[in-house]
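Undergrad: My structure is in run24.cif, and what it holds is mmCIF, C-alpha atoms (C1' of nucleotides):
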data_my_file
loop_
_atom_site.label_atom_id
_atom_site.label_comp_id
_atom_site.auth_asym_id
_atom_site.auth_seq_id
_atom_site.Cartn_x
_atom_site.Cartn_y
_atom_site.Cartn_z
CA MET A 1 19.08 0.18 17.18
CA SER A 2 17.40 1.95 20.08
CA GLN A 3 13.91 3.28 19.52
CA VAL A 4 13.26 7.00 19.65
CA ALA A 5 10.65 8.06 22.17
CA SER A 6 7.23 8.22 20.52
CA GLY A 7 8.88 7.38 17.20
CA ILE A 8 8.22 4.32 15.09
CA ASP A 9 10.73 1.51 15.19
CA LEU A 10 11.14 0.60 11.55
CA GLU A 11 12.34 -2.92 12.26
CA THR A 12 9.19 -3.66 14.26
CA SER A 13 6.67 -1.49 12.41
CA LEU A 14 4.05 -3.54 10.63
CA GLY A 15 3.48 -0.66 8.25
CA TYR A 16 7.11 -0.59 7.25
CA ILE A 17 7.33 -4.34 6.77
CA LEU A 18 4.12 -4.23 4.77
CA LYS A 19 5.57 -1.58 2.48
CA GLU A 20 8.78 -3.57 2.24
CA ALA A 21 6.90 -6.69 1.18
CA SER A 22 4.75 -4.79 -1.27
CA SER A 23 7.82 -3.17 -2.76
CA ALA A 24 9.63 -6.48 -3.12
CA LEU A 25 6.59 -8.02 -4.79
CA ARG A 26 6.25 -5.08 -7.17
CA THR A 27 9.93 -5.31 -8.13
CA SER A 28 9.72 -9.06 -8.74
CA MET A 29 6.57 -8.69 -10.82
CA GLU A 30 8.13 -5.91 -12.90
CA GLU A 31 11.12 -8.12 -13.55
CA VAL A 32 9.04 -10.92 -15.03
CA LEU A 33 6.56 -8.64 -16.83
CA ARG A 34 9.11 -6.34 -18.43
CA PRO A 35 10.37 -9.01 -20.90
CA LEU A 36 6.72 -9.42 -21.92
CA GLY A 37 6.36 -5.71 -22.56
CA MET A 38 3.77 -5.32 -19.83
CA SER A 39 3.47 -3.16 -16.73
CA ILE A 40 1.84 -4.31 -13.52
CA THR A 41 -1.24 -2.20 -14.12
CA HIS A 42 -1.42 -3.53 -17.66
CA TYR A 43 -1.35 -7.09 -16.36
CA SER A 44 -3.78 -6.33 -13.53
CA CYS A 45 -6.28 -4.94 -15.99
CA LEU A 46 -6.20 -8.06 -18.15
CA GLU A 47 -6.44 -10.34 -15.13
CA LEU A 48 -9.43 -8.45 -13.80
CA LEU A 49 -11.17 -8.67 -17.16
CA ALA A 50 -10.53 -12.40 -17.40
CA GLN A 51 -12.21 -13.03 -14.09
CA ARG A 52 -14.94 -10.44 -14.37
CA PRO A 53 -15.73 -9.77 -18.03
CA GLY A 54 -17.64 -6.61 -18.78
CA LEU A 55 -16.07 -4.51 -16.05
CA SER A 56 -16.28 -0.76 -16.64
CA ASN A 57 -13.35 1.63 -16.66
CA SER A 58 -14.08 2.86 -13.14
CA GLU A 59 -14.47 -0.64 -11.78
CA LEU A 60 -11.18 -1.68 -13.35
CA ALA A 61 -9.52 1.36 -11.81
CA ARG A 62 -10.72 0.43 -8.34
CA GLY A 63 -9.62 -3.17 -8.84
CA ALA A 64 -6.15 -2.13 -9.94
CA PHE A 65 -5.81 0.58 -7.28
CA VAL A 66 -5.36 3.47 -9.68
CA THR A 67 -7.60 6.42 -10.63
CA ARG A 68 -10.14 6.01 -13.40
CA GLN A 69 -8.21 8.65 -15.36
CA SER A 70 -5.10 6.50 -15.31
CA MET A 71 -7.05 3.38 -16.19
CA ASN A 72 -8.71 5.20 -19.05
CA VAL A 73 -5.35 6.02 -20.61
CA LEU A 74 -4.29 2.40 -20.25
CA LEU A 75 -7.54 1.09 -21.71
CA GLN A 76 -7.12 3.28 -24.76
CA SER A 77 -3.71 1.80 -25.46
CA LEU A 78 -4.93 -1.74 -24.78
CA GLU A 79 -7.80 -1.15 -27.17
CA ARG A 80 -5.48 0.29 -29.79
CA ASP A 81 -3.27 -2.79 -29.45
CA GLY A 82 -6.25 -5.08 -29.87
CA LEU A 83 -6.10 -6.62 -26.41
CA VAL A 84 -9.49 -5.44 -25.21
CA MET A 85 -12.78 -4.33 -26.79
CA ARG A 86 -15.27 -1.67 -25.78
CA PRO A 87 -18.58 -0.86 -27.47
CA GLN A 88 -18.66 2.39 -29.42
CA GLN A 89 -21.78 3.52 -27.63
CA PRO A 90 -22.89 2.86 -24.05
CA THR A 91 -26.04 0.73 -23.83
CA VAL A 92 -26.98 2.11 -20.42
CA GLY A 93 -25.73 5.25 -18.72
CA ARG A 94 -22.16 6.16 -19.58
CA VAL A 95 -20.71 2.78 -18.73
CA LEU A 96 -18.60 1.07 -21.38
CA PRO A 97 -18.26 -2.61 -20.47
CA THR A 98 -14.86 -3.94 -21.49
CA GLU A 99 -14.05 -7.43 -22.80
CA LEU A 100 -10.82 -9.28 -23.53
CA THR A 101 -10.03 -10.16 -27.12
CA ALA A 102 -8.42 -13.43 -28.15
CA ASP A 103 -5.07 -11.64 -28.32
CA GLY A 104 -5.65 -10.26 -24.85
CA ARG A 105 -6.37 -13.71 -23.50
CA ARG A 106 -3.24 -15.07 -25.13
CA GLN A 107 -1.04 -12.34 -23.69
CA LEU A 108 -2.64 -12.78 -20.29
CA ALA A 109 -1.98 -16.51 -20.26
CA VAL A 110 1.76 -15.94 -20.55
CA ALA A 111 1.83 -13.14 -18.03
CA SER A 112 -0.38 -14.98 -15.57
CA ALA A 113 1.97 -17.94 -15.52
CA ALA A 114 4.93 -15.65 -14.88
CA VAL A 115 3.15 -13.83 -12.06
CA ARG A 116 2.03 -17.09 -10.55
CA GLY A 117 5.68 -18.09 -10.40
CA VAL A 118 6.52 -14.95 -8.47
CA GLU A 119 3.66 -15.47 -6.08
CA ASP A 120 4.66 -19.08 -5.52
CA ARG A 121 8.19 -18.00 -4.74
CA MET A 122 6.86 -15.43 -2.30
CA LYS A 123 4.84 -18.09 -0.48
CA SER A 124 7.56 -20.72 -0.65
CA GLY A 125 8.59 -20.30 2.98
CA LEU A 126 5.09 -20.53 4.40
CA SER A 127 2.95 -23.54 5.26
CA ASP A 128 -0.56 -23.84 3.84
CA GLN A 129 -1.99 -22.81 7.17
CA GLU A 130 0.31 -19.80 7.38
CA ARG A 131 -0.67 -18.70 3.88
CA SER A 132 -4.35 -18.66 4.66
CA SER A 133 -3.89 -16.95 8.02
CA LEU A 134 -1.62 -14.36 6.38
CA GLY A 135 -4.33 -13.61 3.86
CA ALA A 136 -6.97 -13.38 6.57
CA MET A 137 -4.89 -11.04 8.69
CA LEU A 138 -4.13 -8.78 5.75
CA ALA A 139 -7.82 -8.65 4.90
CA CYS A 140 -8.50 -7.76 8.52
CA CYS A 141 -6.00 -4.89 8.28
CA VAL A 142 -7.67 -3.64 5.11
CA SER A 143 -11.13 -3.50 6.65
CA SER A 144 -9.78 -1.85 9.79
CA LEU A 145 -8.11 0.83 7.70
CA ARG A 146 -11.13 1.47 5.50
CA ASP A 147 -13.95 1.39 7.98
CA PRO A 148 -14.35 4.62 9.91
CA GLU A 149 -15.19 2.42 12.90
CA ARG A 150 -13.12 2.62 16.01
CA MET B 151 -16.83 -16.08 -9.00
CA SER B 152 -15.43 -19.13 -10.77
CA GLN B 153 -11.71 -19.28 -11.29
CA VAL B 154 -10.27 -19.28 -14.77
CA ALA B 155 -8.03 -22.22 -15.56
CA SER B 156 -4.40 -21.36 -14.86
CA GLY B 157 -5.44 -17.81 -13.92
CA ILE B 158 -5.05 -16.19 -10.54
CA ASP B 159 -8.06 -15.94 -8.30
CA LEU B 160 -7.93 -12.38 -7.05
CA GLU B 161 -9.97 -13.10 -3.95
CA THR B 162 -7.51 -15.78 -2.86
CA SER B 163 -4.29 -14.35 -4.28
CA LEU B 164 -1.86 -13.36 -1.55
CA GLY B 165 -0.24 -10.92 -3.96
CA TYR B 166 -3.50 -9.14 -4.61
CA ILE B 167 -4.42 -8.93 -0.93
CA LEU B 168 -0.94 -7.68 -0.17
CA LYS B 169 -1.29 -4.94 -2.75
CA GLU B 170 -4.74 -4.16 -1.43
CA ALA B 171 -3.42 -3.78 2.12
CA SER B 172 -0.49 -1.71 0.98
CA SER B 173 -2.78 0.54 -1.03
CA ALA B 174 -5.16 1.01 1.89
CA LEU B 175 -2.25 1.86 4.18
CA ARG B 176 -0.84 4.33 1.68
CA THR B 177 -4.21 6.04 1.30
CA SER B 178 -4.71 6.30 5.06
CA MET B 179 -1.21 7.68 5.56
CA GLU B 180 -1.68 10.24 2.80
CA GLU B 181 -4.91 11.36 4.45
CA VAL B 182 -3.25 12.14 7.75
CA LEU B 183 -0.02 13.52 6.25
CA ARG B 184 -1.65 15.80 3.68
CA PRO B 185 -2.94 18.27 6.33
CA LEU B 186 0.65 18.45 7.57
CA GLY B 187 1.93 19.27 4.11
CA MET B 188 3.95 16.08 3.91
CA SER B 189 4.11 13.17 1.50
CA ILE B 190 4.79 9.62 2.56
CA THR B 191 8.32 9.69 1.18
CA HIS B 192 8.89 13.01 2.93
CA TYR B 193 7.79 11.48 6.23
CA SER B 194 9.72 8.27 5.65
CA CYS B 195 12.90 10.22 5.08
CA LEU B 196 12.57 12.11 8.36
CA GLU B 197 11.70 8.94 10.26
CA LEU B 198 14.73 7.15 8.87
CA LEU B 199 16.99 10.03 9.82
CA ALA B 200 15.62 10.12 13.36
CA GLN B 201 16.45 6.48 13.91
CA ARG B 202 19.68 6.36 11.97
CA PRO B 203 21.28 9.81 11.90
CA GLY B 204 23.93 10.39 9.29
CA LEU B 205 22.37 8.21 6.62
CA SER B 206 23.50 9.01 3.10
CA ASN B 207 21.23 9.85 0.17
CA SER B 208 21.53 6.37 -1.29
CA GLU B 209 20.87 4.69 2.04
CA LEU B 210 17.79 6.85 2.57
CA ALA B 211 16.58 5.93 -0.89
CA ARG B 212 16.85 2.23 -0.16
CA GLY B 213 15.11 2.67 3.16
CA ALA B 214 12.23 4.57 1.61
CA PHE B 215 11.97 2.26 -1.42
CA VAL B 216 12.66 4.91 -4.05
CA THR B 217 15.63 5.57 -6.33
CA ARG B 218 18.50 7.69 -5.11
CA GLN B 219 17.61 10.20 -7.82
CA SER B 220 14.15 10.66 -6.36
CA MET B 221 15.50 10.87 -2.83
CA ASN B 222 18.05 13.44 -3.93
CA VAL B 223 15.31 15.73 -5.22
CA LEU B 224 13.41 15.34 -1.96
CA LEU B 225 16.53 15.97 0.15
CA GLN B 226 17.20 19.19 -1.71
CA SER B 227 13.75 20.51 -0.87
CA LEU B 228 14.01 19.31 2.73
CA GLU B 229 17.35 21.07 3.02
CA ARG B 230 15.94 24.23 1.47
CA ASP B 231 13.08 24.14 4.00
CA GLY B 232 15.52 23.73 6.87
CA LEU B 233 14.38 20.28 7.94
CA VAL B 234 17.65 18.48 7.30
CA MET B 235 21.34 19.40 7.06
CA ARG B 236 24.11 18.09 4.84
CA PRO B 237 27.77 19.07 4.91
CA GLN B 238 28.96 21.20 2.01
CA GLN B 239 31.85 18.87 1.32
CA PRO B 240 32.06 15.10 1.78
CA THR B 241 34.58 14.05 4.44
CA VAL B 242 35.08 10.63 2.92
CA GLY B 243 34.28 9.45 -0.58
CA ARG B 244 31.24 11.14 -2.12
CA VAL B 245 28.93 10.36 0.79
CA LEU B 246 27.05 13.29 2.33
CA PRO B 247 25.73 12.19 5.74
CA THR B 248 22.39 13.83 6.49
CA GLU B 249 21.08 15.01 9.85
CA LEU B 250 17.75 16.26 11.09
CA THR B 251 17.50 19.88 12.24
CA ALA B 252 15.44 20.97 15.23
CA ASP B 253 12.66 21.99 12.83
CA GLY B 254 12.84 18.60 11.20
CA ARG B 255 12.52 16.85 14.53
CA ARG B 256 9.53 19.01 15.43
CA GLN B 257 7.75 18.27 12.17
CA LEU B 258 8.54 14.59 12.49
CA ALA B 259 7.08 14.42 16.01
CA VAL B 260 3.67 15.55 14.74
CA ALA B 261 3.75 13.31 11.69
CA SER B 262 4.97 10.31 13.62
CA ALA B 263 2.08 10.53 16.03
CA ALA B 264 -0.39 10.73 13.15
CA VAL B 265 1.18 7.75 11.38
CA ARG B 266 1.25 5.79 14.61
CA GLY B 267 -2.49 6.34 14.85
CA VAL B 268 -2.98 4.88 11.38
CA GLU B 269 -0.81 1.90 12.17
CA ASP B 270 -2.66 1.29 15.43
CA ARG B 271 -5.98 1.38 13.56
CA MET B 272 -4.60 -1.08 11.04
CA LYS B 273 -3.61 -3.50 13.80
CA SER B 274 -6.75 -2.94 15.85
CA GLY B 275 -8.36 -6.22 14.78
CA LEU B 276 -5.34 -8.37 15.55
CA SER B 277 -4.11 -9.90 18.79
CA ASP B 278 -0.55 -9.31 19.95
CA GLN B 279 0.40 -12.77 18.83
CA GLU B 280 -1.19 -12.24 15.42
CA ARG B 281 0.67 -8.96 14.96
CA SER B 282 4.04 -10.53 15.55
CA SER B 283 3.31 -13.55 13.38
CA LEU B 284 2.03 -11.27 10.61
CA GLY B 285 5.29 -9.35 10.73
CA ALA B 286 7.33 -12.53 10.70
CA MET B 287 5.43 -13.98 7.75
CA LEU B 288 5.77 -10.77 5.75
CA ALA B 289 9.50 -10.74 6.45
CA CYS B 290 9.62 -14.33 5.28
CA CYS B 291 7.91 -13.34 2.02
CA VAL B 292 10.39 -10.52 1.52
CA SER B 293 13.43 -12.76 1.87
CA SER B 294 11.87 -15.40 -0.38
CA LEU B 295 11.27 -12.78 -3.07
CA ARG B 296 14.73 -11.28 -2.84
CA ASP B 297 16.90 -14.34 -2.53
CA PRO B 298 17.58 -16.08 -5.83
CA GLU B 299 17.40 -19.34 -3.86
CA ARG B 300 14.87 -21.94 -4.74
"C1'" DT C 301 -42.95 15.11 -12.35
"C1'" DA C 302 -38.90 17.67 -10.86
"C1'" DT C 303 -34.72 17.75 -8.44
"C1'" DC C 304 -30.69 16.48 -6.28
"C1'" DG C 305 -26.83 13.35 -5.05
"C1'" DG C 306 -23.73 10.19 -6.76
"C1'" DA C 307 -21.27 7.79 -10.40
"C1'" DT C 308 -19.19 7.63 -14.97
"C1'" DG C 309 -16.20 8.85 -19.02
"C1'" DT C 310 -13.05 12.12 -20.45
"C1'" DC C 311 -10.22 16.40 -21.18
"C1'" DA C 312 -6.31 19.12 -19.45
"C1'" DG C 313 -2.37 20.25 -16.57
"C1'" DT C 314 0.90 18.92 -12.89
"C1'" DT C 315 4.07 16.08 -10.48
"C1'" DA C 316 6.47 12.41 -8.38
"C1'" DG C 317 9.17 8.81 -9.53
"C1'" DC C 318 11.53 6.34 -13.04
"C1'" DT C 319 15.58 5.20 -16.52
"C1'" DG C 320 19.86 6.50 -18.62
"C1'" DA C 321 24.20 8.49 -18.16
"C1'" DC C 322 28.46 10.50 -16.23
"C1'" DA C 323 32.47 11.57 -13.25
"C1'" DA C 324 34.29 10.87 -8.64
"C1'" DT C 325 35.66 7.86 -5.05
"C1'" DC C 326 36.65 3.72 -2.41
"C1'" DA C 327 37.95 -1.18 -1.83
"C1'" DA C 328 40.02 -5.15 -3.50
"C1'" DT C 329 42.74 -7.53 -6.48
"C1'" DG C 330 46.40 -8.39 -9.80
"C1'" DC D 331 51.55 0.48 -8.04
"C1'" DA D 332 47.87 -0.19 -11.38
"C1'" DT D 333 43.41 -1.82 -12.45
"C1'" DT D 334 39.00 -3.38 -12.02
"C1'" DG D 335 34.45 -3.37 -9.94
"C1'" DA D 336 31.09 -1.39 -7.03
"C1'" DT D 337 29.03 2.66 -4.90
"C1'" DT D 338 27.81 7.46 -4.61
"C1'" DG D 339 26.04 12.04 -5.96
"C1'" DT D 340 24.02 14.37 -9.63
"C1'" DC D 341 22.41 15.96 -14.31
"C1'" DA D 342 18.93 15.33 -17.90
"C1'" DG D 343 14.79 13.49 -20.03
"C1'" DC D 344 10.67 10.65 -19.85
"C1'" DT D 345 6.58 8.36 -18.19
"C1'" DA D 346 2.98 6.93 -15.41
"C1'" DA D 347 -0.09 8.35 -12.21
"C1'" DC D 348 -2.13 12.07 -9.88
"C1'" DT D 349 -5.54 16.28 -9.09
"C1'" DG D 350 -8.92 19.36 -10.96
"C1'" DA D 351 -12.75 20.07 -13.79
"C1'" DC D 352 -16.77 19.27 -16.78
"C1'" DA D 353 -20.91 17.33 -19.00
"C1'" DT D 354 -23.60 13.21 -18.91
"C1'" DC D 355 -26.50 9.83 -16.95
"C1'" DC D 356 -28.87 6.92 -13.35
"C1'" DG D 357 -31.55 6.42 -9.14
"C1'" DA D 358 -33.90 8.04 -5.25
"C1'" DT D 359 -36.49 11.33 -3.04
"C1'" DA D 360 -39.82 15.07 -2.34
#
Is it possible to give me this structure as structure tokens?
TA:
Amino acid sequence: MSQVASGIDLETSLGYILKEASSALRTSMEEVLRPLGMSITHYSCLELLAQRPGLSNSELARGAFVTRQSMNVLLQSLERDGLVMRPQQPTVGRVLPTELTADGRRQLAVASAAVRGVEDRMKSGLSDQERSSLGAMLACCVSSLRDPER
Amino acid sequence: MSQVASGIDLETSLGYILKEASSALRTSMEEVLRPLGMSITHYSCLELLAQRPGLSNSELARGAFVTRQSMNVLLQSLERDGLVMRPQQPTVGRVLPTELTADGRRQLAVASAAVRGVEDRMKSGLSDQERSSLGAMLACCVSSLRDPER
DNA sequence: TATCGGATGTCAGTTAGCTGACAATCAATG
DNA sequence: CATTGATTGTCAGCTAACTGACATCCGATA
């Protein structure tokens, strides 16, 4: 219970609680996506493409928080399964803009509803005001971590 | 920019922002731990042992959000490197209570300071009140996700 | 025009973490 | 006492994601 000098009290540490929350969310999402035969990255990729059609492999990777190598492997399987489409040849540079197929949109619709249920459950104990302030504070943490500012 | 019907708006989604924050924190922690030759799980294990000496392999796994199989592999390497100690034989049941060695405590002291710096940077844009309410709201999300309650 | 920095797609190899499985042990229950 | 269920440590195999590397291509700059 007592805190070690200069150590980090896990119960109080924002970093630890953040990881705890992220882990709980990941577990819950995996639980609802597994029956659909989808992984979180798989779902994230489709969701990104629905909202921003034509995203490149590298852009999808950044949006899903994985490396472009990992995303590339995923995209190949999604393409093989007919969920997404990429042009054979790049029109400009090396970029291959990716689009959802009808099958991809169908699969996404089911998954999106399931994920929305998880997210709703996660927010169920918070008021509307708390939800927005939670989002704002998390965004603040992100920019503080990324910017090399002091 | 426009939201797809029944889809999840990534800019607004608490789940997405949570993953974004968690990813940024993970990246920042890896940056400061890499020069020390430590991974996040490696550090987490030592930190857990400092605060709760005698934790078992399974308890450490739960605390670090990995499987006990993964933690077991890590513990073996930590033991080989002389950072932790485990009794040869269990005194009760199959549980092997783990303890930090002096070397482990030394390595943890350096890592803990580095991680504290990251966490302080993450919180730098928040007031004291915001920090505590952020922690409370995240804890609320965790319990909502875990409990099968409605 | 020529060059250089940065970004992209992709190949290859490595690794950390996962799932599945098993025996051993404790606690509780009949 | 016997049994059942839950937990623990550990073995084995697998998979997803990582790092490293390379050629290609754009854009800016001299």
Undergrad: On this structure, the PyMOL selection byres ((chain B) within 8 of (chain D)) would catch which residues? List them as a VMD selection string, sorted by chain and number.
TA: chain B and resid 208 219 243 to 245
Undergrad: For segment 39-43 of chain A, find every residue with an atom within 9 Å (counting only C-alpha atoms (C1' of nucleotides)), except residues of its own chain fewer than 2 positions away, and show them as a VMD selection string.
TA: chain A and resid 26 29 to 30 33 to 34 36 to 37 45 to 48 64 to 66 71 74 to 75 78 108 111 to 112
Undergrad: Any chance you could resolve the PyMOL selection byres ((chain A) within 6 of (chain B)) against this file and give the residues as a list of chain:residue names?
TA: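 Selected by the PyMOL selection byres ((chain A) within 6 of (chain B)) here: A:Leu14, A:Ala21, A:Met122, A:Gly135, A:Cys141, A:Val142, A:Ser144, A:Leu145.
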Undergrad: Next, the residues of the selection above should be written as a PDB file, keeping the file's coordinate frame with C-alpha atoms.
TA:
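The new file part-v9.pdb reads:
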ATOM      1  CA  LEU A  14       4.050  -3.540  10.630  1.00  0.00           C
ATOM      2  CA  ALA A  21       6.900  -6.690   1.180  1.00  0.00           C
ATOM      3  CA  MET A 122       6.860 -15.430  -2.300  1.00  0.00           C
ATOM      4  CA  GLY A 135      -4.330 -13.610   3.860  1.00  0.00           C
ATOM      5  CA  CYS A 141      -6.000  -4.890   8.280  1.00  0.00           C
ATOM      6  CA  VAL A 142      -7.670  -3.640   5.110  1.00  0.00           C
ATOM      7  CA  SER A 144      -9.780  -1.850   9.790  1.00  0.00           C
ATOM      8  CA  LEU A 145      -8.110   0.830   7.700  1.00  0.00           C
TER       9      LEU A 145
END
Undergrad: Figure out the distance between atom CA of Glu229 of chain B and atom CA of Gln257 of chain B, please, to one decimal in Å.
TA: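 Result for atom CA of Gln257 of chain B versus atom CA of Glu229 of chain B: 13.6 Å, one decimal.
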Undergrad: Report, in Å to a single decimal, how far apart atom CA of Ala114 of chain A and atom CA of Arg218 of chain B are.
TA: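 If I compute the distance from atom CA of Arg218 of chain B to atom CA of Ala114 of chain A, I get 28.7 Å.
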Undergrad: So what does the PyMOL selection byres ((chain B and resi 254) around 8) actually pick up in this one, as a VMD selection string?
TA: chain B and resid 196 232 to 234 250 to 253 255 to 258
Undergrad: Record the distance separating atom CA of Val223 of chain B and atom C1' of DA327 of chain C, expressed in Å with one decimal.
TA: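 Between atom CA of Val223 of chain B and atom C1' of DA327 of chain C the gap works out to 28.5 Å.
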Undergrad: Could you list, as a PyMOL selection string, the residues of chain C having an atom within 7 Å of chain B when counting all atoms listed in the file?
TA: chain C and resi 317+325-326
Undergrad: Please produce segment 98-112 of chain A, completed to N, CA and C atoms, as a PDB file, in the frame of the given file.
TA:
ATOM      1  N   THR A  98     -16.055  -3.546 -20.746  1.00  0.00           N
ATOM      2  CA  THR A  98     -14.860  -3.940 -21.490  1.00  0.00           C
ATOM      3  C   THR A  98     -14.725  -5.462 -21.516  1.00  0.00           C
ATOM      4  N   GLU A  99     -14.242  -5.983 -22.649  1.00  0.00           N
ATOM      5  CA  GLU A  99     -14.050  -7.430 -22.800  1.00  0.00           C
ATOM      6  C   GLU A  99     -12.647  -7.694 -23.342  1.00  0.00           C
ATOM      7  N   LEU A 100     -12.095  -8.841 -22.967  1.00  0.00           N
ATOM      8  CA  LEU A 100     -10.820  -9.280 -23.530  1.00  0.00           C
ATOM      9  C   LEU A 100     -11.026  -9.772 -24.947  1.00  0.00           C
ATOM     10  N   THR A 101     -10.048  -9.534 -25.801  1.00  0.00           N
ATOM     11  CA  THR A 101     -10.030 -10.160 -27.120  1.00  0.00           C
ATOM     12  C   THR A 101      -9.242 -11.456 -27.031  1.00  0.00           C
ATOM     13  N   ALA A 102      -9.204 -12.189 -28.137  1.00  0.00           N
ATOM     14  CA  ALA A 102      -8.420 -13.430 -28.150  1.00  0.00           C
ATOM     15  C   ALA A 102      -6.947 -13.123 -27.916  1.00  0.00           C
ATOM     16  N   ASP A 103      -6.459 -12.050 -28.548  1.00  0.00           N
ATOM     17  CA  ASP A 103      -5.070 -11.640 -28.320  1.00  0.00           C
ATOM     18  C   ASP A 103      -4.829 -11.313 -26.855  1.00  0.00           C
ATOM     19  N   GLY A 104      -5.785 -10.616 -26.262  1.00  0.00           N
ATOM     20  CA  GLY A 104      -5.650 -10.260 -24.850  1.00  0.00           C
ATOM     21  C   GLY A 104      -5.561 -11.489 -23.977  1.00  0.00           C
ATOM     22  N   ARG A 105      -6.393 -12.475 -24.281  1.00  0.00           N
ATOM     23  CA  ARG A 105      -6.370 -13.710 -23.500  1.00  0.00           C
ATOM     24  C   ARG A 105      -5.035 -14.431 -23.672  1.00  0.00           C
ATOM     25  N   ARG A 106      -4.521 -14.404 -24.892  1.00  0.00           N
ATOM     26  CA  ARG A 106      -3.240 -15.070 -25.130  1.00  0.00           C
ATOM     27  C   ARG A 106      -2.126 -14.389 -24.330  1.00  0.00           C
ATOM     28  N   GLN A 107      -2.084 -13.061 -24.419  1.00  0.00           N
ATOM     29  CA  GLN A 107      -1.040 -12.340 -23.690  1.00  0.00           C
ATOM     30  C   GLN A 107      -1.165 -12.561 -22.180  1.00  0.00           C
ATOM     31  N   LEU A 108      -2.404 -12.578 -21.719  1.00  0.00           N
ATOM     32  CA  LEU A 108      -2.640 -12.780 -20.290  1.00  0.00           C
ATOM     33  C   LEU A 108      -2.149 -14.145 -19.829  1.00  0.00           C
ATOM     34  N   ALA A 109      -2.365 -15.158 -20.657  1.00  0.00           N
ATOM     35  CA  ALA A 109      -1.980 -16.510 -20.260  1.00  0.00           C
ATOM     36  C   ALA A 109      -0.495 -16.579 -19.941  1.00  0.00           C
ATOM     37  N   VAL A 110       0.316 -15.943 -20.794  1.00  0.00           N
ATOM     38  CA  VAL A 110       1.760 -15.940 -20.550  1.00  0.00           C
ATOM     39  C   VAL A 110       2.098 -15.171 -19.284  1.00  0.00           C
ATOM     40  N   ALA A 111       1.520 -13.990 -19.176  1.00  0.00           N
ATOM     41  CA  ALA A 111       1.830 -13.140 -18.030  1.00  0.00           C
ATOM     42  C   ALA A 111       1.359 -13.772 -16.728  1.00  0.00           C
ATOM     43  N   SER A 112       0.197 -14.389 -16.780  1.00  0.00           N
ATOM     44  CA  SER A 112      -0.380 -14.980 -15.570  1.00  0.00           C
ATOM     45  C   SER A 112       0.510 -16.091 -15.035  1.00  0.00           C
TER      46      SER A 112
END
